[in-house]
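Engineer: Sharing a structure with you now.
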Amino acid sequence: MAKNGKRSTPGGKLGEGRCIPRRDFLQGALVASATTLCGPLLRSYAAGAAQTSGAAQDLPGYYPPMLTGMRGSHPGSFESAHALRDGTAVPQGADTGETYDLIVVGGGISGLSAAQFFRARTSPRARILVLDNHDDFGGHAKRNEFHLGGKTQLLNGGTLSIESPRPYSAVSERLIEDLGIDVDALSRKTAHPQFYEKLGLRGGVFFDRETFGVDKLVVGRATDAKTLADFPLSQRAKEDIQRIESGSVDFMPRLSSAEKKLRLSKMSYRDFLHNVLKTDPATILYYQTRTHGEWGVGIDAVSALDCWGIELPGFKGMKLSPGSIPRMGYTPAGYADTGGSKNLHFPDGNATIARLLVRSLVPDAVPGGTAEDIVMARVAYDKLDRSGSPVRLRLNSTVVRAINTGAADSAAVEVTYLRDGKSHVVRARNCVLACYNMMIPYLCPELPAAQKAALHSLVKTPLVYTSVALRNWESFQKLGLQGVYAPGSYHSNFRLNPKVDIGSYRSPATPAEPILVHMTRTPCQPGFPELEQNKAGRAELLATTFATFEHNIRDQLTRTLSAGGFDPARDIEAITVNRWPHGYAPEYNPLFEPDLPEAQRPNVLGRAPFGRIAIANSDAGAAAYTDSAIDQANRAVNELLQV
Ligand SMILES: Cc1cc2nc3c(=O)[nH]c(=O)nc-3n(C[C@H](O)[C@H](O)[C@H](O)COP(=O)(O)OP(=O)(O)OC[C@H]3O[C@@H](n4cnc5c(N)ncnc54)[C@H](O)[C@@H]3O)c2cc1C
């Protein structure tokens, strides 16, 4: 069967289909009510809400973090936007009569930060409306919450770490501090970076039969001779891997460091392995997905210089001098101390930052008062959009138009959004578009053509973070395994949820306890330019059903872990697929783009303010990082307030 389609393991043994009906009782009564938000039931819930002229988010039991199945860009969140792209006319909106000081389009970290900065620079009573198309706030900063064996367990549905390869932005550092996050203290107090190592669990590689001719799990690192000897590859391929990992040869001895770096920036890592190191083809298959996590594409679409930047092997002997590199901005020597924290992450990742922002903006909706107690806090979604509150957060609302009216008052910008199939109009003095930048030309037809073209080119990279709830992790323990690199499999890696203990939240400590497993899938088409790969990946993601994901997840975990006694029908309790067709913000890629001066880059041309509308989102910073999302919010608000 094709790589991206279903695999051949007989379905009956995999326990397929169990995840959907079983989640009601597996996750307890709260989920039973939350589950009613899925698929057709969501529609009937919405219809019920419409009958009572209420909104779904105001109804009892509304709690999206606990929904399983297809999440991320979930069904119902993107169809209106795609219809707009495809030329469907924007319907005449019913006038809500609501006016605000600021309307923010997009409730991700950038949009929530824009609301926070605007309020801080104007008045605590500033009236702000945040609109987001998803059923939950946070954008990529999404919380996956499970109740397993009577305990809450959390995973990040998208963004995880408070770190950046570039020096961490001072504005973001201050905001994070203001939200009560003491990065250093919390990281010392909560992280257990060596927890699994101390139990003797290591990383491994799974070679799949479709790519490598045989299914084989090898535990250990390629740098270890005994482990490498066990790889199901030819002697030549193993010698190549040994040569690459030790990397003691200078492959361009006649060139200066600067000349080498220039050359490496214009060749892919794949071509570096193939043309310069002249490796066996199986070696390339082994390394192919090593860049998936960082960039969402394989080594064919990432420059060798960028791979040196993330410390992929092969460069040790080349004596490359430290100095900035095109795509990432850092060098191996500079990476360790660029700010943020490699160790600290909240159990739900940067969803905690989003939740802290919401607590600050709408205090009634999020109980507690510290960055520790928020981890277990349950958001009251029905309090997010109350008429008496200065800041309102409206979910399930896709903005389809934002226009400058020319008025000088609180009707200066008119925003139309669709919710439950109906069109509504709201007005404000100011507007920040913190949504996907490539969509902005559809929202603002009045924009100049050159700006529209720049914005259209800012297409995000698709990827998937899957959370799998397991009854226990005894199979991992038996195999001596904590995570797997799987270069040919459906998900290119998976790992046990890192241990974090914070506030009253406790990660599982013994293999008999239930646990969450994080899996990453990056749909791309090796051999094409990055943007074409992204486009194909996005189409594939939107066409893939949850049933296909479930089959492939069960198949992959079974083939990797069955020697440790793993039984998918018995051991898998729930699956959440966080599908992000619009994932990482587009970053400059020296392989496919000219190195333009800053002022001519598409993100800079695209983010120019127009009238009372300014543009944020990490896209505007051309960096797929939280500090970029926050920085761009800061700039957009300053432009509106002319600070
Ligand atoms: C899987 C994944 C993992 C990541 N990991 C990390 C990490 O570890 N560390 C890190 O720093 N960064 C990470 N990132 C990058 C992440 O994108 C940024 O850090 C940051 O969260 C982006 O925030 P944002 O507000 O700019 O965009 P988004 O989070 O995309 O928020 C924009 C919001 O606007 C909404 N929207 C779009 N159009 C409309 C419309 N017309 N109407 C209403 N709403 C609309 C979107 O649906 C979305 O909810 C990751 C990203 C992904 C996808």
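Residue names in the structure tokens use chain letters A, B, ... in the order shown, residue numbers from 1 in each chain, and ligand numbers from 1 in the order shown.
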Apply DSSP to the backbone of this structure and, from stretch 430-466 of chain A, keep only the residues in strand (DSSP E or B); write these as a VMD selection string.
Structural biologist: chain A and resid 430 to 433 461 to 466
Engineer: How would the residues just picked look written out with C-alpha atoms as an mmCIF file, in the first residue's frame?
Structural biologist:
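Output file selection_23.cif is given in full below:
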```cif
data_model
loop_
_atom_site.group_PDB
_atom_site.id
_atom_site.type_symbol
_atom_site.label_atom_id
_atom_site.label_comp_id
_atom_site.auth_asym_id
_atom_site.auth_seq_id
_atom_site.Cartn_x
_atom_site.Cartn_y
_atom_site.Cartn_z
ATOM 1 C CA ASN A 430 -8.536 49.374 15.827
ATOM 2 C CA CYS A 431 -7.961 45.898 14.521
ATOM 3 C CA VAL A 432 -5.038 43.464 14.763
ATOM 4 C CA LEU A 433 -5.045 40.589 12.295
ATOM 5 C CA THR A 461 4.262 24.186 6.934
ATOM 6 C CA PRO A 462 1.885 21.296 7.737
ATOM 7 C CA LEU A 463 2.557 18.822 10.520
ATOM 8 C CA VAL A 464 0.796 16.587 13.014
ATOM 9 C CA TYR A 465 1.303 16.040 16.725
ATOM 10 C CA THR A 466 -0.519 12.929 17.901
#
```
Engineer: For A:Arg471, work out the shell of residues within 8 Å, counting only C-alpha atoms and skipping chain neighbours fewer than 2 positions away, then give it as a PyMOL selection string.
Structural biologist: chain A and resi 469+473+512-515+570-573
Engineer: Mind checking which residues fall within 10 Å of stretch 193-198 of chain A, counting only C-alpha atoms, ignoring those fewer than 2 positions away in the same chain, and posting them as a list of chain:residue names?
Structural biologist: A:Ser187, A:Thr190, A:Ala191, A:Gly200, A:Leu201, A:Arg202, A:Gly203, A:Lys342, A:Asn343, A:Leu344, A:Gln477, A:Gly480, A:Leu481, A:Gln482, A:Gly483, A:Leu496, A:Pro498, A:Lys499, A:Val500, A:Ala509
Engineer: Just the number, please: distance in Å from atom CA of A:Met438 to atom CA of A:Ala170, one decimal.
Structural biologist: 27.0 Å
Engineer: Could you check how far atom CA of A:Val413 sits from atom CA of A:Arg612, in Å to one decimal?
Structural biologist: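 That distance, rounded to one decimal, is 6.7 Å.
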Engineer: Once DSSP has gone over the backbone, tell me which residues of stretch 212-276 of chain A are in helix (DSSP H, G or I), as a PDB file with N, CA and C atoms, in the first residue's frame.
Structural biologist:
```
ATOM      1  N   PHE A 212      13.076  -0.434   4.412  1.00  0.00           N
ATOM      2  CA  PHE A 212      14.384  -1.068   4.633  1.00  0.00           C
ATOM      3  C   PHE A 212      14.362  -2.586   4.424  1.00  0.00           C
ATOM      4  N   ALA A 225      29.161   1.414  18.296  1.00  0.00           N
ATOM      5  CA  ALA A 225      29.516   0.429  17.267  1.00  0.00           C
ATOM      6  C   ALA A 225      28.614  -0.806  17.326  1.00  0.00           C
ATOM      7  N   LYS A 226      28.284  -1.251  18.558  1.00  0.00           N
ATOM      8  CA  LYS A 226      27.466  -2.462  18.680  1.00  0.00           C
ATOM      9  C   LYS A 226      26.047  -2.221  18.162  1.00  0.00           C
ATOM     10  N   THR A 227      25.531  -1.026  18.466  1.00  0.00           N
ATOM     11  CA  THR A 227      24.188  -0.681  17.982  1.00  0.00           C
ATOM     12  C   THR A 227      24.191  -0.615  16.461  1.00  0.00           C
ATOM     13  N   LEU A 228      25.194   0.082  15.923  1.00  0.00           N
ATOM     14  CA  LEU A 228      25.271   0.254  14.466  1.00  0.00           C
ATOM     15  C   LEU A 228      25.377  -1.108  13.767  1.00  0.00           C
ATOM     16  N   ALA A 229      26.131  -2.016  14.367  1.00  0.00           N
ATOM     17  CA  ALA A 229      26.303  -3.343  13.766  1.00  0.00           C
ATOM     18  C   ALA A 229      24.959  -4.059  13.628  1.00  0.00           C
ATOM     19  N   GLN A 235      26.795  -3.621   4.707  1.00  0.00           N
ATOM     20  CA  GLN A 235      28.044  -3.249   5.369  1.00  0.00           C
ATOM     21  C   GLN A 235      28.483  -1.859   4.926  1.00  0.00           C
ATOM     22  N   ARG A 236      28.289  -1.587   3.645  1.00  0.00           N
ATOM     23  CA  ARG A 236      28.725  -0.286   3.109  1.00  0.00           C
ATOM     24  C   ARG A 236      27.922   0.851   3.761  1.00  0.00           C
ATOM     25  N   ALA A 237      26.608   0.662   3.873  1.00  0.00           N
ATOM     26  CA  ALA A 237      25.770   1.711   4.476  1.00  0.00           C
ATOM     27  C   ALA A 237      26.184   1.944   5.931  1.00  0.00           C
ATOM     28  N   LYS A 238      26.494   0.868   6.638  1.00  0.00           N
ATOM     29  CA  LYS A 238      26.897   1.023   8.046  1.00  0.00           C
ATOM     30  C   LYS A 238      28.230   1.766   8.141  1.00  0.00           C
ATOM     31  N   GLU A 239      29.142   1.437   7.228  1.00  0.00           N
ATOM     32  CA  GLU A 239      30.440   2.147   7.245  1.00  0.00           C
ATOM     33  C   GLU A 239      30.244   3.629   6.944  1.00  0.00           C
ATOM     34  N   ASP A 240      29.304   3.914   6.037  1.00  0.00           N
ATOM     35  CA  ASP A 240      29.002   5.315   5.728  1.00  0.00           C
ATOM     36  C   ASP A 240      28.464   6.041   6.960  1.00  0.00           C
ATOM     37  N   ILE A 241      27.537   5.387   7.656  1.00  0.00           N
ATOM     38  CA  ILE A 241      26.956   6.023   8.849  1.00  0.00           C
ATOM     39  C   ILE A 241      28.047   6.249   9.892  1.00  0.00           C
ATOM     40  N   GLN A 242      28.923   5.291  10.028  1.00  0.00           N
ATOM     41  CA  GLN A 242      30.020   5.434  10.998  1.00  0.00           C
ATOM     42  C   GLN A 242      30.892   6.635  10.620  1.00  0.00           C
ATOM     43  N   ARG A 243      31.178   6.764   9.304  1.00  0.00           N
ATOM     44  CA  ARG A 243      32.008   7.863   8.792  1.00  0.00           C
ATOM     45  C   ARG A 243      31.302   9.216   9.033  1.00  0.00           C
ATOM     46  N   ILE A 244      29.985   9.253   8.797  1.00  0.00           N
ATOM     47  CA  ILE A 244      29.235  10.510   8.970  1.00  0.00           C
ATOM     48  C   ILE A 244      29.170  10.881  10.448  1.00  0.00           C
ATOM     49  N   GLU A 245      28.862   9.896  11.292  1.00  0.00           N
ATOM     50  CA  GLU A 245      28.704  10.182  12.720  1.00  0.00           C
ATOM     51  C   GLU A 245      30.023  10.622  13.342  1.00  0.00           C
ATOM     52  N   SER A 246      31.134  10.012  12.937  1.00  0.00           N
ATOM     53  CA  SER A 246      32.422  10.435  13.520  1.00  0.00           C
ATOM     54  C   SER A 246      32.871  11.740  12.869  1.00  0.00           C
ATOM     55  N   SER A 257      36.552  28.770   5.557  1.00  0.00           N
ATOM     56  CA  SER A 257      35.313  28.486   6.285  1.00  0.00           C
ATOM     57  C   SER A 257      34.134  29.224   5.637  1.00  0.00           C
ATOM     58  N   ALA A 258      34.338  30.500   5.274  1.00  0.00           N
ATOM     59  CA  ALA A 258      33.237  31.281   4.680  1.00  0.00           C
ATOM     60  C   ALA A 258      32.808  30.676   3.346  1.00  0.00           C
ATOM     61  N   GLU A 259      33.780  30.237   2.547  1.00  0.00           N
ATOM     62  CA  GLU A 259      33.440  29.633   1.245  1.00  0.00           C
ATOM     63  C   GLU A 259      32.687  28.312   1.437  1.00  0.00           C
ATOM     64  N   LYS A 260      33.143  27.540   2.421  1.00  0.00           N
ATOM     65  CA  LYS A 260      32.450  26.269   2.699  1.00  0.00           C
ATOM     66  C   LYS A 260      31.003  26.546   3.110  1.00  0.00           C
ATOM     67  N   LYS A 261      30.831  27.545   3.975  1.00  0.00           N
ATOM     68  CA  LYS A 261      29.488  27.828   4.496  1.00  0.00           C
ATOM     69  C   LYS A 261      28.557  28.297   3.379  1.00  0.00           C
ATOM     70  N   LEU A 262      29.108  29.117   2.498  1.00  0.00           N
ATOM     71  CA  LEU A 262      28.290  29.573   1.370  1.00  0.00           C
ATOM     72  C   LEU A 262      27.857  28.368   0.530  1.00  0.00           C
ATOM     73  N   ARG A 263      28.821  27.499   0.247  1.00  0.00           N
ATOM     74  CA  ARG A 263      28.497  26.332  -0.577  1.00  0.00           C
ATOM     75  C   ARG A 263      27.481  25.415   0.134  1.00  0.00           C
ATOM     76  N   LEU A 264      27.695  25.223   1.444  1.00  0.00           N
ATOM     77  CA  LEU A 264      26.771  24.353   2.201  1.00  0.00           C
ATOM     78  C   LEU A 264      25.367  24.956   2.302  1.00  0.00           C
ATOM     79  N   SER A 265      25.287  26.287   2.235  1.00  0.00           N
ATOM     80  CA  SER A 265      23.961  26.925   2.330  1.00  0.00           C
ATOM     81  C   SER A 265      23.168  26.734   1.041  1.00  0.00           C
ATOM     82  N   TYR A 269      21.159  18.907   2.623  1.00  0.00           N
ATOM     83  CA  TYR A 269      21.919  17.917   3.407  1.00  0.00           C
ATOM     84  C   TYR A 269      21.936  16.583   2.650  1.00  0.00           C
ATOM     85  N   ARG A 270      20.821  16.307   1.945  1.00  0.00           N
ATOM     86  CA  ARG A 270      20.782  15.083   1.146  1.00  0.00           C
ATOM     87  C   ARG A 270      21.895  15.113   0.097  1.00  0.00           C
ATOM     88  N   ASP A 271      22.039  16.249  -0.581  1.00  0.00           N
ATOM     89  CA  ASP A 271      23.077  16.338  -1.614  1.00  0.00           C
ATOM     90  C   ASP A 271      24.473  16.318  -0.996  1.00  0.00           C
ATOM     91  N   PHE A 272      24.583  16.870   0.196  1.00  0.00           N
ATOM     92  CA  PHE A 272      25.864  16.792   0.909  1.00  0.00           C
ATOM     93  C   PHE A 272      26.231  15.317   1.130  1.00  0.00           C
ATOM     94  N   LEU A 273      25.252  14.520   1.577  1.00  0.00           N
ATOM     95  CA  LEU A 273      25.526  13.093   1.807  1.00  0.00           C
ATOM     96  C   LEU A 273      25.778  12.369   0.482  1.00  0.00           C
ATOM     97  N   HIS A 274      24.964  12.696  -0.521  1.00  0.00           N
ATOM     98  CA  HIS A 274      25.006  11.945  -1.781  1.00  0.00           C
ATOM     99  C   HIS A 274      26.177  12.373  -2.661  1.00  0.00           C
ATOM    100  N   ASN A 275      26.331  13.675  -2.860  1.00  0.00           N
ATOM    101  CA  ASN A 275      27.327  14.154  -3.833  1.00  0.00           C
ATOM    102  C   ASN A 275      28.705  14.390  -3.225  1.00  0.00           C
ATOM    103  N   VAL A 276      28.728  14.875  -1.980  1.00  0.00           N
ATOM    104  CA  VAL A 276      30.025  15.195  -1.378  1.00  0.00           C
ATOM    105  C   VAL A 276      30.582  13.971  -0.647  1.00  0.00           C
TER     106      VAL A 276
END
```
Engineer: Between atom CA of A:Lys452 and atom CA of A:Leu640, what distance in Å does the model show, to one decimal?
Structural biologist: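 Distance between the two atoms: 20.0 Å.
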Engineer: With only C-alpha atoms as the atoms that count, which of A:Val375, A:Val426, A:Leu361, A:Leu285 lies nearest to A:Phe118?
Structural biologist: A:Leu361
Engineer: Within 7 Å of stretch 107-109 of chain A, counting only C-alpha atoms, which residues qualify if same-chain residues fewer than 3 places away don't, as a list of chain:residue names?
Structural biologist: A:Leu112, A:Ser113, A:Val130, A:Leu131, A:Asp132, A:Phe137, A:Gly138, A:Gly139, A:His140, A:Ala141, A:Ala354, A:Ala629, A:Ile630
Engineer: Would you write out those residues with N, CA and C atoms, as a compact mmCIF listing (two decimals), in the first residue's frame?
Structural biologist:
```
# COMPACT_ATOMS: atom_id res chain seq x y z
N LEU A 112 -3.62 36.87 21.53
CA LEU A 112 -3.85 37.10 22.96
C LEU A 112 -2.83 38.11 23.50
N SER A 113 -1.59 38.04 23.00
CA SER A 113 -0.57 39.01 23.44
C SER A 113 -0.92 40.41 22.94
N VAL A 130 -11.73 39.28 20.97
CA VAL A 130 -10.83 38.36 20.25
C VAL A 130 -11.71 37.31 19.56
N LEU A 131 -11.51 37.14 18.25
CA LEU A 131 -12.30 36.17 17.48
C LEU A 131 -11.40 35.05 17.00
N ASP A 132 -11.81 33.81 17.18
CA ASP A 132 -11.01 32.69 16.67
C ASP A 132 -11.93 31.64 16.06
N PHE A 137 -9.27 28.26 22.40
CA PHE A 137 -8.32 29.35 22.15
C PHE A 137 -6.89 28.81 22.16
N GLY A 138 -5.92 29.63 21.76
CA GLY A 138 -4.50 29.24 21.87
C GLY A 138 -3.82 29.04 20.52
N GLY A 139 -4.60 28.91 19.42
CA GLY A 139 -3.95 28.61 18.13
C GLY A 139 -3.18 27.31 18.25
N HIS A 140 -1.89 27.34 17.89
CA HIS A 140 -1.07 26.12 18.01
C HIS A 140 -0.78 25.77 19.47
N ALA A 141 -1.04 26.68 20.37
CA ALA A 141 -0.78 26.43 21.79
C ALA A 141 -2.00 25.75 22.39
N ALA A 354 -0.82 30.53 26.79
CA ALA A 354 -2.12 31.01 26.30
C ALA A 354 -3.12 31.10 27.45
N ALA A 629 5.83 35.29 17.73
CA ALA A 629 4.40 35.59 17.81
C ALA A 629 4.16 36.78 18.74
N ILE A 630 4.87 36.79 19.87
CA ILE A 630 4.68 37.87 20.86
C ILE A 630 5.28 39.18 20.34
```
Engineer: Neighbouring residues of A:Val425 were defined as those with any atom within 10 Å, considering only C-alpha atoms; residues of the same chain fewer than 5 positions away were excluded. Please report them as a PyMOL selection string.
Structural biologist: chain A and resi 92-99+399+401-402+414-418
Engineer: Find the residues near stretch 589-600 of chain A: any atom within 10 Å, counting only C-alpha atoms, skip ones fewer than 6 places away on the same chain, and give them as a VMD selection string.
Structural biologist: chain A and resid 262 264 to 268 300 to 306 325 to 328 454 529 to 531 606
Engineer: Can you write just those residues out, C-alpha atoms, as a PDB file, in the first residue's frame?
Structural biologist:
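Result file follows (again-v5.pdb):
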```pdb
ATOM      1  CA  LEU A 262      28.290  29.573   1.370  1.00  0.00           C
ATOM      2  CA  LEU A 264      26.771  24.353   2.201  1.00  0.00           C
ATOM      3  CA  SER A 265      23.961  26.925   2.330  1.00  0.00           C
ATOM      4  CA  LYS A 266      23.151  26.249  -1.318  1.00  0.00           C
ATOM      5  CA  MET A 267      23.156  22.449  -1.187  1.00  0.00           C
ATOM      6  CA  SER A 268      20.706  20.242   0.666  1.00  0.00           C
ATOM      7  CA  ASP A 300      16.294  17.061   0.631  1.00  0.00           C
ATOM      8  CA  ALA A 301      14.702  20.474   1.340  1.00  0.00           C
ATOM      9  CA  VAL A 302      17.006  21.794   4.080  1.00  0.00           C
ATOM     10  CA  SER A 303      20.444  23.248   3.460  1.00  0.00           C
ATOM     11  CA  ALA A 304      23.507  21.405   4.711  1.00  0.00           C
ATOM     12  CA  LEU A 305      24.495  24.578   6.539  1.00  0.00           C
ATOM     13  CA  ASP A 306      21.221  24.637   8.470  1.00  0.00           C
ATOM     14  CA  ILE A 325      23.621  31.160   9.370  1.00  0.00           C
ATOM     15  CA  PRO A 326      20.797  32.008   6.998  1.00  0.00           C
ATOM     16  CA  ARG A 327      17.772  30.137   8.199  1.00  0.00           C
ATOM     17  CA  MET A 328      18.168  29.656  11.900  1.00  0.00           C
ATOM     18  CA  ALA A 454       3.697  39.101  -0.351  1.00  0.00           C
ATOM     19  CA  PRO A 529      10.782  22.609  -3.475  1.00  0.00           C
ATOM     20  CA  GLU A 530       9.686  23.224   0.111  1.00  0.00           C
ATOM     21  CA  LEU A 531       6.502  25.158  -0.664  1.00  0.00           C
ATOM     22  CA  GLY A 606       3.165  41.835   3.965  1.00  0.00           C
TER      23      GLY A 606
END
```
Engineer: Quick one: residues within 8 Å of A:Thr522, only C-alpha atoms, excluding same-chain residues fewer than 5 positions away - as a ChimeraX atom specification?
Structural biologist: /A:292-293,296-297,462-464,491-492,537
Engineer: Which residue is closest to ligand 1? Choose from A:Gly565, A:Gly106, A:Gly17, A:Gly149 and count only C-alpha atoms and all ligand atoms.
Structural biologist: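 Going through A:Gly565, A:Gly106, A:Gly17, A:Gly149 one by one, the smallest distance to ligand 1 is for A:Gly106.
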Engineer: Between A:Pro313, A:Gly15, A:Pro602, A:Gly157, which residue has the minimum interatomic distance to ligand 1, considering only C-alpha atoms and all ligand atoms?
Structural biologist: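 Checking each of A:Pro313, A:Gly15, A:Pro602, A:Gly157 against ligand 1, counting only C-alpha atoms and all ligand atoms, the winner is A:Gly157.
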